[in-house]
$ cat model_1.pdb   # PDB, C-alpha atoms and all ligand atoms
ATOM      1  CA  MET A 549     -18.925  -4.654  12.840
ATOM      2  CA  PRO A 550     -18.897  -8.040  11.134
ATOM      3  CA  TRP A 551     -15.595  -9.383   9.943
ATOM      4  CA  MET A 552     -15.165 -10.955   6.555
ATOM      5  CA  ALA A 553     -12.232 -13.161   5.662
ATOM      6  CA  ILE A 554     -11.262 -13.252   2.020
ATOM      7  CA  LYS A 555      -9.116 -16.148   0.864
ATOM      8  CA  THR A 556      -6.948 -14.908  -1.951
ATOM      9  CA  GLY A 557      -5.664 -18.287  -3.117
ATOM     10  CA  VAL A 558      -2.180 -16.814  -3.028
ATOM     11  CA  ILE A 559       0.378 -18.821  -1.066
ATOM     12  CA  GLY A 560       2.870 -16.600   0.683
ATOM     13  CA  GLU A 561       6.544 -17.275   1.315
ATOM     14  CA  ASP A 562       5.666 -18.880   4.643
ATOM     15  CA  GLY A 563       3.485 -21.480   2.898
ATOM     16  CA  GLN A 564       0.293 -20.009   4.320
ATOM     17  CA  GLU A 565      -2.544 -18.838   2.143
ATOM     18  CA  THR A 566      -2.879 -15.088   2.232
ATOM     19  CA  ILE A 567      -6.194 -14.127   3.818
ATOM     20  CA  LEU A 568      -7.491 -10.616   3.845
ATOM     21  CA  ARG A 569      -9.694  -9.656   6.736
ATOM     22  CA  GLU A 570     -12.088  -6.835   6.115
ATOM     23  CA  TYR A 571     -15.025  -5.152   7.719
ATOM     24  CA  LEU A 572     -18.362  -5.383   6.024
ATOM     25  CA  CYS A 573     -20.243  -2.171   5.500
ATOM     26  CA  ASP A 574     -22.395  -1.369   8.522
ATOM     27  CA  TRP A 575     -25.071   0.140   6.323
ATOM     28  CA  PRO A 576     -28.330  -1.845   6.722
ATOM     29  CA  GLY A 577     -28.650  -4.357   3.909
ATOM     30  CA  CYS A 578     -25.276  -3.550   2.371
ATOM     31  CA  ALA A 579     -22.767  -6.371   1.873
ATOM     32  CA  HIS A 580     -19.931  -4.313   0.478
ATOM     33  CA  ILE A 581     -16.501  -4.151   2.057
ATOM     34  CA  ALA A 582     -16.139  -1.185   4.346
ATOM     35  CA  GLU A 583     -13.488   1.228   3.229
ATOM     36  CA  GLN A 584     -14.040   4.123   5.563
ATOM     37  CA  VAL A 585     -14.873   4.642   9.195
ATOM     38  CA  VAL A 586     -17.276   7.455   9.785
ATOM     39  CA  GLY A 587     -18.254   9.000  13.076
ATOM     40  CA  VAL A 588     -21.968   8.817  13.790
ATOM     41  CA  ALA A 589     -22.223  10.332  17.220
ATOM     42  CA  ARG A 590     -18.955  11.668  18.477
ATOM     43  CA  GLU A 591     -20.437  12.448  21.865
ATOM     44  CA  LEU A 592     -21.249   8.748  22.252
ATOM     45  CA  ALA A 593     -17.919   7.635  20.807
ATOM     46  CA  LEU A 594     -19.770   5.651  18.177
ATOM     47  CA  ALA A 595     -18.453   5.063  14.726
ATOM     48  CA  ARG A 596     -19.323   2.751  11.909
ATOM     49  CA  ALA A 597     -17.374   1.392   9.002
ATOM     50  CA  VAL A 598     -19.039   1.752   5.645
ATOM     51  CA  CYS A 599     -18.193   1.300   2.004
ATOM     52  CA  ARG A 600     -17.190   4.271  -0.098
ATOM     53  CA  GLU A 601     -20.662   4.668  -1.570
ATOM     54  CA  HIS A 602     -22.341   4.824   1.786
ATOM     55  CA  ALA A 603     -19.617   6.993   3.276
ATOM     56  CA  GLU A 604     -20.696   9.670   0.816
ATOM     57  CA  ILE A 605     -24.337   9.210   1.734
ATOM     58  CA  GLN A 606     -23.434   9.202   5.407
ATOM     59  CA  ASN A 607     -21.934  12.642   5.005
ATOM     60  CA  ARG A 608     -25.247  13.913   3.668
ATOM     61  CA  ALA A 609     -27.666  12.005   5.917
ATOM     62  CA  PRO A 610     -26.077  11.390   9.318
ATOM     63  CA  ASP A 611     -28.537   8.659  10.350
ATOM     64  CA  PRO A 612     -29.367   5.979   7.749
ATOM     65  CA  ASP A 613     -32.144   4.633   9.944
ATOM     66  CA  GLN A 614     -33.923   7.971   9.747
ATOM     67  CA  PRO A 615     -33.463   9.273   6.211
ATOM     68  CA  ALA A 616     -34.172  12.926   5.708
ATOM     69  CA  ARG A 617     -37.661  13.630   4.361
ATOM     70  CA  ARG A 618     -38.109  15.752   1.319
TER      71      ARG A 618
HETATM   72 ZN    ZN B   1     -22.357   0.157   2.004
END
$ encode --input "model_1.pdb" --output "structure tokens" --more "lines below"
Ligand SMILES: [Zn+2]
Amino acid sequence: MPWMAIKTGVIGEDGQETILREYLCDWPGCAHIAEQVVGVARELALARAVCREHAEIQNRAPDPDQPARR
């Protein structure tokens, strides 16, 4: 999972700029901040962090690389 550091521009009491560190969504091509960790293959102990939008899709289509055919 790629890390993303967000500089807030807010100086804390210790004189250091507050930096938020977030995961980027693991969904292919998505650059949103991951908000949820979803299990992909529990038997393989794999999980991915995705944004809220893709977390909902993940619940419907377990594998984004192989979308369900209609
Ligand atoms: Zn996403």
$ closest_residue --input "model_1.pdb" --among "A:Val598, A:Ile567, A:Glu561, A:Ile605" --to "ligand ZN 1 (chain B)" --atoms "only C-alpha atoms and all ligand atoms"
A:Val598
$ resolve_selection --input "model_1.pdb" --expression "the PyMOL selection byres (((chain A and resi 582) around 12) and not hetatm)" --output "PyMOL selection string"
chain A and resi 549-552+569-575+578-581+583-586+596-603
$ resolve_selection --input "model_1.pdb" --expression "the PyMOL selection byres (((chain A and resi 566) around 9) and not hetatm)" --output "PyMOL selection string"
chain A and resi 554-560+564-565+567-568
$ axis_aligned_box --input "model_1.pdb" --around "range 575-580 of chain A" --padding-each-side "8 Å" --output "lines of an AutoDock Vina configuration file"
center_x = -24.3
center_y = -3.1
center_z = 3.6
size_x = 24.7
size_y = 22.5
size_z = 22.2
